[in-house]
$ cat target_14.cif   # mmCIF, C-alpha atoms
data_coords
loop_
_atom_site.label_atom_id
_atom_site.label_comp_id
_atom_site.auth_asym_id
_atom_site.auth_seq_id
_atom_site.Cartn_x
_atom_site.Cartn_y
_atom_site.Cartn_z
CA MET T 1 -17.96 -1.30 -41.53
CA ARG T 2 -18.52 2.25 -40.34
CA LYS T 3 -19.17 0.95 -36.85
CA LEU T 4 -15.87 -0.93 -36.94
CA HIS T 5 -14.19 2.24 -38.00
CA GLN T 6 -15.82 4.16 -35.16
CA VAL T 7 -14.65 1.57 -32.69
CA ALA T 8 -11.17 1.81 -34.14
CA VAL T 9 -11.20 5.60 -33.90
CA ALA T 10 -12.65 5.52 -30.42
CA THR T 11 -10.02 3.01 -29.34
CA ALA T 12 -7.26 5.06 -30.92
CA CYS T 13 -8.57 8.18 -29.15
CA ALA T 14 -8.76 6.32 -25.88
CA ILE T 15 -5.24 4.95 -26.25
CA SER T 16 -3.76 8.33 -27.12
CA ALA T 17 -5.66 9.92 -24.27
CA ILE T 18 -4.22 7.37 -21.88
CA MET T 19 -0.73 7.86 -23.29
CA LEU T 20 -0.96 11.64 -23.04
CA SER T 21 -2.19 11.68 -19.50
CA GLY T 22 -0.52 8.50 -18.40
CA SER T 23 1.07 9.95 -15.31
CA VAL T 24 -2.12 11.62 -14.17
CA LEU T 25 -4.03 8.41 -14.65
CA ALA T 26 -1.43 6.43 -12.81
CA GLN T 27 -1.69 8.77 -9.86
CA GLU T 28 -5.45 8.59 -9.74
CA ALA T 29 -5.35 4.85 -10.43
CA GLY T 30 -8.15 5.08 -12.99
CA ALA T 31 -10.55 6.47 -10.42
CA LYS T 32 -11.35 9.39 -12.71
CA LYS T 33 -11.49 9.45 -16.49
CA ALA T 34 -9.20 11.89 -18.22
CA GLU T 35 -10.89 15.16 -19.14
CA PRO T 36 -11.91 15.09 -22.81
CA THR T 37 -10.13 17.51 -25.11
CA GLY T 38 -11.91 20.09 -27.25
CA LYS T 39 -11.41 17.90 -30.28
CA GLU T 40 -12.83 14.85 -28.53
CA LEU T 41 -15.86 16.84 -27.44
CA ALA T 42 -16.29 18.17 -30.99
CA PHE T 43 -16.12 14.68 -32.50
CA GLU T 44 -18.18 12.83 -29.86
CA ARG T 45 -21.67 12.04 -31.17
CA LYS T 46 -23.39 12.61 -27.85
CA LYS T 47 -21.58 15.92 -27.32
CA GLY T 48 -20.72 18.38 -30.10
CA ASN T 49 -21.16 15.93 -32.97
CA CYS T 50 -19.86 18.75 -35.19
CA LEU T 51 -19.06 16.33 -38.03
CA ALA T 52 -22.74 15.51 -38.48
CA CYS T 53 -23.05 18.84 -40.28
CA HIS T 54 -19.57 20.28 -40.81
CA ALA T 55 -16.52 19.02 -42.65
CA MET T 56 -13.10 19.82 -41.18
CA PRO T 57 -10.80 19.76 -44.20
CA THR T 58 -7.65 20.21 -42.12
CA GLN T 59 -8.36 17.21 -39.89
CA PRO T 60 -7.46 13.93 -41.61
CA ASP T 61 -9.52 11.91 -39.12
CA ALA T 62 -12.67 13.98 -39.67
CA GLU T 63 -14.37 11.35 -41.82
CA SER T 64 -17.97 10.95 -43.02
CA ALA T 65 -18.69 14.59 -42.36
CA GLY T 66 -22.03 16.08 -43.33
CA LEU T 67 -22.72 19.00 -45.65
CA TYR T 68 -25.54 20.50 -43.60
CA GLY T 69 -23.40 23.44 -42.49
CA PRO T 70 -20.33 25.17 -43.95
CA PRO T 71 -16.93 23.45 -43.65
CA LEU T 72 -14.91 24.55 -40.66
CA ILE T 73 -11.70 25.97 -42.03
CA ALA T 74 -9.70 29.20 -41.62
CA MET T 75 -11.84 29.88 -38.58
CA SER T 76 -9.58 32.49 -36.97
CA ALA T 77 -9.75 34.49 -40.22
CA ARG T 78 -13.52 34.10 -40.46
CA PHE T 79 -14.03 34.90 -36.80
CA PRO T 80 -11.31 37.35 -35.78
CA ASP T 81 -13.26 37.85 -32.58
CA LYS T 82 -13.23 34.48 -30.83
CA ALA T 83 -16.15 35.54 -28.64
CA LYS T 84 -18.32 35.72 -31.77
CA LEU T 85 -17.41 32.17 -32.66
CA ARG T 86 -18.29 31.08 -29.15
CA ALA T 87 -21.60 32.95 -29.35
CA GLN T 88 -22.33 31.17 -32.62
CA ILE T 89 -21.84 27.79 -30.96
CA TRP T 90 -23.82 28.88 -27.89
CA ASP T 91 -26.87 29.92 -29.95
CA ALA T 92 -26.56 30.45 -33.70
CA THR T 93 -30.20 31.55 -34.01
CA VAL T 94 -29.31 34.92 -32.46
CA ALA T 95 -27.34 35.91 -35.56
CA ASN T 96 -29.63 34.03 -37.97
CA PRO T 97 -33.10 32.99 -36.77
CA SER T 98 -33.49 30.40 -39.53
CA SER T 99 -30.19 28.70 -38.70
CA THR T 100 -30.71 25.00 -37.99
CA MET T 101 -27.59 24.82 -35.83
CA ILE T 102 -28.26 23.35 -32.41
CA PRO T 103 -28.18 26.04 -29.67
CA PHE T 104 -25.58 24.13 -27.66
CA GLY T 105 -25.34 26.62 -24.81
CA LYS T 106 -28.87 27.95 -24.67
CA HIS T 107 -30.37 24.45 -24.57
CA GLY T 108 -27.72 23.03 -22.28
CA VAL T 109 -26.53 20.42 -24.78
CA LEU T 110 -22.97 21.28 -23.72
CA SER T 111 -21.68 22.87 -20.52
CA GLU T 112 -20.04 26.31 -20.61
CA LYS T 113 -16.68 24.67 -20.04
CA GLU T 114 -17.24 22.22 -22.88
CA ILE T 115 -18.18 25.10 -25.18
CA ASP T 116 -14.97 26.91 -24.21
CA LYS T 117 -12.92 23.86 -25.15
CA ILE T 118 -14.75 23.29 -28.43
CA THR T 119 -14.43 26.99 -29.30
CA ASP T 120 -10.66 26.76 -28.80
CA PHE T 121 -10.48 23.68 -31.01
CA VAL T 122 -12.69 25.08 -33.78
CA TYR T 123 -10.88 28.43 -33.68
CA GLY T 124 -7.67 26.59 -34.53
CA LEU T 125 -9.14 24.90 -37.61
CA MET E 126 -38.46 51.16 -59.23
CA LYS E 127 -40.36 51.20 -56.00
CA GLN E 128 -42.65 48.54 -57.37
CA LYS E 129 -39.64 46.43 -58.28
CA ILE E 130 -38.28 46.67 -54.76
CA ILE E 131 -41.63 45.75 -53.33
CA THR E 132 -41.88 42.78 -55.68
CA LYS E 133 -38.39 41.68 -54.68
CA LEU E 134 -39.25 42.09 -51.05
CA LEU E 135 -42.42 40.07 -51.48
CA THR E 136 -40.57 37.32 -53.33
CA GLY E 137 -38.01 37.25 -50.56
CA MET E 138 -40.72 37.06 -47.96
CA ALA E 139 -42.40 34.23 -49.85
CA GLY E 140 -39.09 32.39 -49.86
CA LEU E 141 -38.75 32.94 -46.16
CA GLY E 142 -42.31 31.71 -45.79
CA ILE E 143 -41.32 28.38 -47.31
CA ALA E 144 -38.22 28.15 -45.18
CA LEU E 145 -39.92 28.99 -41.94
CA GLY E 146 -43.33 27.65 -42.83
CA ALA E 147 -45.04 30.85 -41.85
CA ALA E 148 -48.70 30.19 -42.43
CA THR E 149 -50.33 32.90 -44.46
CA ALA E 150 -54.02 33.50 -44.59
CA PHE E 151 -54.06 32.50 -48.26
CA ALA E 152 -52.14 29.24 -48.07
CA THR E 153 -54.11 26.19 -49.11
CA PRO E 154 -52.89 22.59 -49.12
CA GLU E 155 -52.55 22.84 -52.87
CA SER E 156 -50.54 26.07 -52.76
CA ASP E 157 -48.38 24.66 -49.96
CA ARG E 158 -47.64 21.63 -52.13
CA GLN E 159 -46.93 23.73 -55.21
CA GLU E 160 -44.52 25.94 -53.27
CA LEU E 161 -42.59 22.92 -52.03
CA ILE E 162 -42.42 21.49 -55.55
CA LYS E 163 -41.20 24.83 -56.85
CA TYR E 164 -38.60 25.01 -54.09
CA TYR E 165 -37.22 21.55 -54.88
CA THR E 166 -37.42 21.62 -58.67
CA THR E 167 -35.54 24.94 -58.60
CA LYS E 168 -32.92 23.61 -56.20
CA TYR E 169 -32.54 20.24 -57.94
CA PRO E 170 -33.55 20.72 -61.58
CA ASN E 171 -32.18 17.28 -62.54
CA VAL E 172 -34.35 15.27 -60.15
CA LYS E 173 -37.68 14.32 -61.70
CA LEU E 174 -40.76 14.93 -59.61
CA GLU E 175 -41.95 11.30 -60.00
CA ASP E 176 -38.65 10.10 -58.53
CA TYR E 177 -39.39 11.79 -55.20
CA VAL E 178 -41.26 8.63 -54.19
CA TYR E 179 -37.80 7.07 -53.80
CA GLY E 180 -36.92 9.58 -51.10
CA ALA E 181 -33.20 10.18 -50.60
CA LEU E 182 -32.45 7.50 -53.21
CA ALA E 183 -33.54 9.95 -55.91
CA PHE E 184 -30.44 11.99 -55.07
CA ASP E 185 -27.87 9.21 -55.22
CA ALA E 186 -27.60 6.98 -58.28
CA ASP E 187 -25.43 4.38 -56.50
CA SER E 188 -27.84 3.90 -53.62
CA LYS E 189 -30.74 3.78 -56.08
CA ALA E 190 -28.98 1.03 -58.09
CA GLN E 191 -28.46 -0.99 -54.91
CA TYR E 192 -32.11 -0.49 -54.00
CA ASP E 193 -33.24 -1.62 -57.45
CA ALA E 194 -31.13 -4.77 -57.16
CA ILE E 195 -32.53 -5.59 -53.70
CA MET E 196 -36.10 -4.91 -54.85
CA GLU E 197 -35.83 -7.64 -57.51
CA PHE E 198 -36.07 -10.19 -54.71
CA PRO E 199 -37.07 -8.24 -51.62
CA PRO E 200 -35.87 -9.89 -48.41
CA TYR E 201 -39.10 -9.02 -46.61
CA LEU E 202 -41.53 -10.94 -48.84
CA GLY E 203 -42.06 -13.53 -46.10
CA GLU E 204 -43.20 -10.74 -43.79
CA ILE E 205 -45.64 -9.38 -46.35
CA ASP E 206 -46.97 -12.90 -46.74
CA LYS E 207 -47.72 -13.04 -43.00
CA GLY E 208 -49.72 -9.85 -43.50
CA ARG E 209 -51.56 -11.40 -46.44
CA LYS E 210 -52.58 -14.38 -44.30
CA MET E 211 -53.93 -12.03 -41.65
CA TRP E 212 -55.80 -10.11 -44.34
CA GLU E 213 -57.41 -13.27 -45.69
CA THR E 214 -58.32 -14.78 -42.32
CA PRO E 215 -62.01 -14.12 -41.58
CA LEU E 216 -62.83 -12.01 -38.53
CA LYS E 217 -65.11 -13.31 -35.75
CA SER E 218 -68.23 -12.35 -37.69
CA GLY E 219 -67.09 -14.48 -40.61
CA LYS E 220 -66.39 -11.44 -42.77
CA THR E 221 -62.95 -10.68 -44.14
CA TYR E 222 -61.25 -7.28 -44.14
CA ALA E 223 -61.85 -7.04 -47.88
CA GLN E 224 -65.61 -7.47 -47.34
CA CYS E 225 -65.60 -4.80 -44.70
CA MET E 226 -63.86 -2.07 -46.70
CA PRO E 227 -64.78 0.04 -49.69
CA ASN E 228 -63.51 -1.39 -52.97
CA GLY E 229 -62.41 -4.54 -51.17
CA GLY E 230 -59.60 -2.55 -49.56
CA LYS E 231 -57.89 -2.11 -52.93
CA ASP E 232 -56.68 1.28 -54.12
CA ILE E 233 -57.88 3.12 -51.04
CA ALA E 234 -54.62 3.81 -49.16
CA GLY E 235 -54.03 6.95 -51.23
CA ILE E 236 -57.07 8.72 -49.79
CA TYR E 237 -55.90 8.28 -46.20
CA PRO E 238 -55.47 10.06 -43.87
CA GLN E 239 -58.81 11.75 -44.34
CA PHE E 240 -60.95 13.97 -42.16
CA ASP E 241 -63.94 12.09 -40.75
CA GLU E 242 -66.70 14.65 -40.21
CA ALA E 243 -68.77 12.29 -38.04
CA LYS E 244 -65.85 11.59 -35.72
CA GLY E 245 -64.64 15.17 -35.95
CA LYS E 246 -61.03 14.10 -36.44
CA VAL E 247 -58.46 12.76 -38.85
CA VAL E 248 -58.53 9.02 -39.44
CA VAL E 249 -55.57 7.13 -40.84
CA LEU E 250 -55.63 3.78 -42.63
CA LYS E 251 -55.00 1.97 -39.35
CA ASN E 252 -58.24 3.42 -37.97
CA VAL E 253 -60.09 1.86 -40.90
CA ILE E 254 -58.58 -1.52 -40.05
CA ASN E 255 -59.50 -1.18 -36.38
CA ASP E 256 -63.03 -0.01 -37.21
CA CYS E 257 -63.38 -3.16 -39.30
CA ARG E 258 -62.11 -5.32 -36.49
CA VAL E 259 -64.39 -3.81 -33.87
CA ALA E 260 -67.45 -3.94 -36.16
CA ASN E 261 -66.76 -7.62 -36.71
CA GLY E 262 -66.33 -8.70 -33.14
CA GLU E 263 -62.57 -8.34 -32.71
CA GLU E 264 -60.42 -6.27 -30.37
CA PRO E 265 -58.65 -3.32 -32.03
CA TYR E 266 -54.92 -3.67 -32.63
CA GLU E 267 -52.36 -1.41 -31.00
CA PHE E 268 -51.17 1.10 -33.62
CA ASP E 269 -47.51 0.50 -32.97
CA ASP E 270 -47.64 -3.29 -32.76
CA GLY E 271 -45.46 -4.34 -35.69
CA LYS E 272 -46.45 -8.01 -35.49
CA THR E 273 -50.15 -7.36 -36.00
CA MET E 274 -51.09 -3.90 -37.25
CA GLY E 275 -47.69 -3.36 -38.87
CA LEU E 276 -47.73 -6.53 -40.98
CA LEU E 277 -51.39 -6.14 -41.87
CA THR E 278 -50.90 -2.58 -43.17
CA ALA E 279 -47.69 -3.65 -44.94
CA TYR E 280 -49.74 -6.12 -46.95
CA MET E 281 -52.81 -3.91 -47.29
CA ARG E 282 -50.79 -1.05 -48.74
CA THR E 283 -49.45 -3.30 -51.50
CA LEU E 284 -53.07 -3.46 -52.71
CA SER E 285 -52.81 0.26 -53.42
CA ASP E 286 -49.42 0.12 -55.13
CA GLY E 287 -49.37 2.72 -57.88
CA MET E 288 -52.49 4.54 -56.69
CA LEU E 289 -52.01 8.29 -56.78
CA THR E 290 -52.03 10.04 -53.43
CA ASN E 291 -55.21 12.06 -53.21
CA ILE E 292 -55.64 13.68 -49.79
CA LYS E 293 -58.64 15.96 -49.52
CA VAL E 294 -58.80 18.86 -47.10
CA GLU E 295 -62.30 20.31 -47.25
CA GLY E 296 -64.23 22.36 -44.73
CA PRO E 297 -63.15 24.35 -41.69
CA LYS E 298 -62.57 21.41 -39.34
CA ALA E 299 -60.47 19.49 -41.84
CA THR E 300 -58.50 22.65 -42.56
CA ALA E 301 -57.89 23.18 -38.84
CA ALA E 302 -56.53 19.61 -38.55
CA TYR E 303 -54.34 20.17 -41.60
CA GLU E 304 -53.02 23.42 -40.14
CA ALA E 305 -52.30 21.71 -36.82
CA GLY E 306 -50.26 19.06 -38.65
CA LYS E 307 -48.47 21.73 -40.63
CA LYS E 308 -47.63 23.57 -37.44
CA THR E 309 -46.10 20.41 -35.94
CA PHE E 310 -44.08 19.93 -39.11
CA TYR E 311 -42.63 23.42 -39.12
CA SER E 312 -42.20 23.97 -35.37
CA ARG E 313 -38.84 23.40 -33.80
CA SER E 314 -38.78 21.02 -30.91
CA GLY E 315 -36.52 19.12 -28.58
CA GLN E 316 -33.26 20.01 -26.95
CA LEU E 317 -31.61 19.99 -30.37
CA ASN E 318 -34.14 22.53 -31.68
CA PHE E 319 -35.06 20.97 -35.03
CA ALA E 320 -38.32 21.08 -36.91
CA CYS E 321 -39.25 18.31 -39.35
CA ALA E 322 -38.80 21.03 -41.97
CA SER E 323 -35.23 21.79 -40.86
CA CYS E 324 -34.08 18.54 -42.40
CA HIS E 325 -36.82 17.65 -44.84
CA VAL E 326 -37.50 21.05 -46.40
CA GLN E 327 -34.37 23.15 -45.90
CA ASN E 328 -31.94 20.23 -46.19
CA GLY E 329 -33.64 17.54 -48.26
CA GLY E 330 -31.02 16.11 -50.63
CA ASN E 331 -28.24 17.26 -48.30
CA ARG E 332 -26.00 15.07 -46.18
CA LEU E 333 -26.16 14.73 -42.42
CA ARG E 334 -23.00 12.78 -41.62
CA SER E 335 -22.95 10.31 -44.49
CA GLU E 336 -26.75 10.04 -44.65
CA LEU E 337 -28.75 11.73 -47.37
CA LEU E 338 -31.85 13.50 -46.07
CA SER E 339 -35.08 12.79 -47.90
CA PRO E 340 -37.27 15.68 -49.04
CA VAL E 341 -40.81 16.14 -47.74
CA ILE E 342 -42.35 15.59 -51.17
CA GLY E 343 -43.03 11.91 -51.80
CA GLN E 344 -42.09 10.91 -48.27
CA THR E 345 -45.44 9.45 -47.30
CA THR E 346 -45.88 7.29 -50.40
CA HIS E 347 -43.69 4.35 -49.48
CA TRP E 348 -44.55 3.16 -45.97
CA PRO E 349 -44.07 0.91 -44.17
CA VAL E 350 -40.44 0.31 -45.02
CA PHE E 351 -38.43 -2.78 -44.19
CA ARG E 352 -35.16 -1.46 -42.88
CA GLY E 353 -32.07 -3.53 -43.37
CA GLY E 354 -34.21 -6.28 -44.87
CA GLU E 355 -36.94 -7.34 -42.48
CA LYS E 356 -37.31 -4.71 -39.80
CA LEU E 357 -40.73 -3.24 -40.32
CA THR E 358 -40.96 0.50 -39.67
CA THR E 359 -44.20 2.38 -40.13
CA LEU E 360 -44.46 6.07 -40.92
CA GLN E 361 -45.52 6.94 -37.38
CA ASP E 362 -42.69 4.76 -35.98
CA ARG E 363 -40.41 6.96 -38.06
CA TYR E 364 -42.02 10.13 -36.71
CA LYS E 365 -41.35 8.91 -33.21
CA GLY E 366 -37.76 8.14 -34.16
CA CYS E 367 -37.27 11.66 -35.51
CA PHE E 368 -38.66 13.25 -32.35
CA LYS E 369 -36.37 11.07 -30.27
CA SER E 370 -33.36 12.03 -32.41
CA VAL E 371 -33.90 15.70 -31.70
CA ARG E 372 -34.44 14.82 -28.03
CA ALA E 373 -38.10 15.79 -27.99
CA VAL E 374 -40.96 13.97 -26.28
CA ALA E 375 -42.82 12.20 -29.06
CA ALA E 376 -46.59 11.89 -29.15
CA GLY E 377 -47.87 8.31 -29.31
CA ALA E 378 -48.69 6.35 -32.45
CA GLY E 379 -52.26 7.08 -33.46
CA SER E 380 -52.42 10.25 -31.36
CA GLU E 381 -54.23 13.28 -32.73
CA THR E 382 -50.88 15.07 -33.04
CA LEU E 383 -49.29 12.39 -35.21
CA ASN E 384 -52.45 11.74 -37.21
CA ASN E 385 -52.74 15.45 -38.02
CA LEU E 386 -49.05 15.50 -38.92
CA GLU E 387 -49.59 12.53 -41.24
CA TYR E 388 -52.57 14.34 -42.77
CA PHE E 389 -50.53 17.44 -43.67
CA HIS E 390 -47.49 15.38 -44.62
CA SER E 391 -49.47 13.10 -46.97
CA ALA E 392 -51.17 16.04 -48.67
CA MET E 393 -47.70 17.23 -49.72
CA SER E 394 -47.41 14.04 -51.81
CA ASN E 395 -50.71 14.51 -53.63
CA GLY E 396 -50.48 13.27 -57.20
CA LEU E 397 -47.58 10.93 -56.51
CA PRO E 398 -48.04 7.13 -56.69
CA MET E 399 -48.11 4.93 -53.60
CA LYS E 400 -45.09 2.66 -53.42
CA ALA E 401 -45.52 0.08 -50.70
CA SER E 402 -43.86 -1.81 -49.23
CA VAL E 403 -40.22 -1.07 -49.89
CA PHE E 404 -36.71 -1.76 -48.69
CA ARG E 405 -34.62 0.86 -46.96
CA LYS E 406 -31.22 0.38 -45.46
#

$ encode --input "target_14.cif" --output "structure tokens"
Amino acid sequence: MRKLHQVAVATACAISAIMLSGSVLAQEAGAKKAEPTGKELAFERKKGNCLACHAMPTQPDAESAGLYGPPLIAMSARFPDKAKLRAQIWDATVANPSSTMIPFGKHGVLSEKEIDKITDFVYGL
Amino acid sequence: MKQKIITKLLTGMAGLGIALGAATAFATPESDRQELIKYYTTKYPNVKLEDYVYGALAFDADSKAQYDAIMEFPPYLGEIDKGRKMWETPLKSGKTYAQCMPNGGKDIAGIYPQFDEAKGKVVVLKNVINDCRVANGEEPYEFDDGKTMGLLTAYMRTLSDGMLTNIKVEGPKATAAYEAGKKTFYSRSGQLNFACASCHVQNGGNRLRSELLSPVIGQTTHWPVFRGGEKLTTLQDRYKGCFKSVRAVAAGAGSETLNNLEYFHSAMSNGLPMKASVFRK
């Protein structure tokens, strides 16, 4: 059931991505996949997989979220300095050595560009 | 006042010790176990210690009810029966496994892994089976071969159902093996930088996505499990799965690293009853 749901979500994401960047895609004739958005990177299991640990109460499609980490809400108020939020995603063990958050930047789980995009998305939550 | 601060500081440090698994010179397997029990019974006062053998199910009444219903007629009984046939089939020498093992192989699973002084290393129950096979003219089984070793241990462990886990760590060599296993358990590894303890100490009873994480206590009592009905998964298969999930290179089944890990891990379930084999989704 959950798998079905994932497929549905993935399909919906894919469709909206195609619709949003339809003209670009048409020009490139499907030679190159559209660049994933920050939200897509955050949701993608093989990328940020943020929902494994964090709920996103303001995102209706953020389902089956884990409780491992704190919910991501009011982020711009909690992290007035966006660079600090980015640093937290890059390597949370700097601020708290016993943090179990994956050091996405330090261990190269995500590229610098991907972290920028995810930071922008999370900052807006 | 000063004393109070020092006491507070020490308590805090002890707490940190549990969280980070810092080995102190005074830690013994028994004190390690007691600290984990204290940590969990404080965090989850409503979960009974004896229910930790159910793993994550102890933290979710609905899942536990489903499990109970499935366990009335377990879907894997045919698999266990294959293991029973293997157990009863005489080896080349004419002897059976039961004749080759202490107490006929009954109620012995709870004392494994144990440190074998003669071999100078930790032996797990599968080593006992292979020793039997070799001594009676057979080739040893591969540790991670589900069709042979897996099914045989699945049946053999049912002979120890209800036996209390009783892992002994005595002498300097055994202690060194225990400490090595403990170090593996508490050390972060892989690209995702998790230790076993990250999930199964710090976050046991918590949800990762929609999955409840099982706590370290009681974890070793119920293997192998039949996942989704008939898919046999041994404890060391599961270890390998965990290492893979955190994108680490896993040691092989039956390796010294995993056997030492199983030694430490099992000692944390001392006093809890064996519960094999069981269903897991």

$ interface_residues --input "target_14.cif" --of "chain T" --to "chain E" --cutoff "6 Å" --atoms "all atoms listed in the file" --output "PyMOL selection string"
chain T and resi 52-53+64-68+102+107

$ resolve_selection --input "target_14.cif" --expression "the PyMOL selection byres ((chain E and resi 262-264) around 12)" --output "list of chain:residue names"
E:Pro215, E:Leu216, E:Lys217, E:Ser218, E:Gly219, E:Lys220, E:Thr221, E:Tyr222, E:Ile254, E:Asn255, E:Asp256, E:Cys257, E:Arg258, E:Val259, E:Ala260, E:Asn261, E:Pro265, E:Tyr266, E:Glu267, E:Thr273, E:Met274

$ write_last_selection --input "target_14.cif" --atoms "C-alpha atoms" --output "PDB file, keeping the file's coordinate frame"
ATOM      1  CA  PRO E 215     -62.010 -14.120 -41.580  1.00  0.00           C
ATOM      2  CA  LEU E 216     -62.830 -12.010 -38.530  1.00  0.00           C
ATOM      3  CA  LYS E 217     -65.110 -13.310 -35.750  1.00  0.00           C
ATOM      4  CA  SER E 218     -68.230 -12.350 -37.690  1.00  0.00           C
ATOM      5  CA  GLY E 219     -67.090 -14.480 -40.610  1.00  0.00           C
ATOM      6  CA  LYS E 220     -66.390 -11.440 -42.770  1.00  0.00           C
ATOM      7  CA  THR E 221     -62.950 -10.680 -44.140  1.00  0.00           C
ATOM      8  CA  TYR E 222     -61.250  -7.280 -44.140  1.00  0.00           C
ATOM      9  CA  ILE E 254     -58.580  -1.520 -40.050  1.00  0.00           C
ATOM     10  CA  ASN E 255     -59.500  -1.180 -36.380  1.00  0.00           C
ATOM     11  CA  ASP E 256     -63.030  -0.010 -37.210  1.00  0.00           C
ATOM     12  CA  CYS E 257     -63.380  -3.160 -39.300  1.00  0.00           C
ATOM     13  CA  ARG E 258     -62.110  -5.320 -36.490  1.00  0.00           C
ATOM     14  CA  VAL E 259     -64.390  -3.810 -33.870  1.00  0.00           C
ATOM     15  CA  ALA E 260     -67.450  -3.940 -36.160  1.00  0.00           C
ATOM     16  CA  ASN E 261     -66.760  -7.620 -36.710  1.00  0.00           C
ATOM     17  CA  PRO E 265     -58.650  -3.320 -32.030  1.00  0.00           C
ATOM     18  CA  TYR E 266     -54.920  -3.670 -32.630  1.00  0.00           C
ATOM     19  CA  GLU E 267     -52.360  -1.410 -31.000  1.00  0.00           C
ATOM     20  CA  THR E 273     -50.150  -7.360 -36.000  1.00  0.00           C
ATOM     21  CA  MET E 274     -51.090  -3.900 -37.250  1.00  0.00           C
TER      22      MET E 274
END

$ resolve_selection --input "target_14.cif" --expression "the PyMOL selection byres ((chain E and resi 236) around 7)" --output "number ranges by chain"
E: 233-235, 237-239, 290-292

$ closest_residue --input "target_14.cif" --among "T:Pro80, T:Gly124, T:Pro70, T:Pro36" --to "Ser99 in chain T" --atoms "all atoms listed in the file"
T:Pro70

$ residues_around --input "target_14.cif" --residues "Val403 in chain E" --least-positions-apart "3" --cutoff "8 Å" --atoms "all atoms listed in the file" --output "ChimeraX atom specification"
/E:196,347-351,400

$ residues_near_point --input "target_14.cif" --point "(-18.9, 28.8, -25.4)" --cutoff "10 Å" --atoms "all atoms listed in the file" --output "number ranges by chain"
T: 82-91, 104-105, 110-120
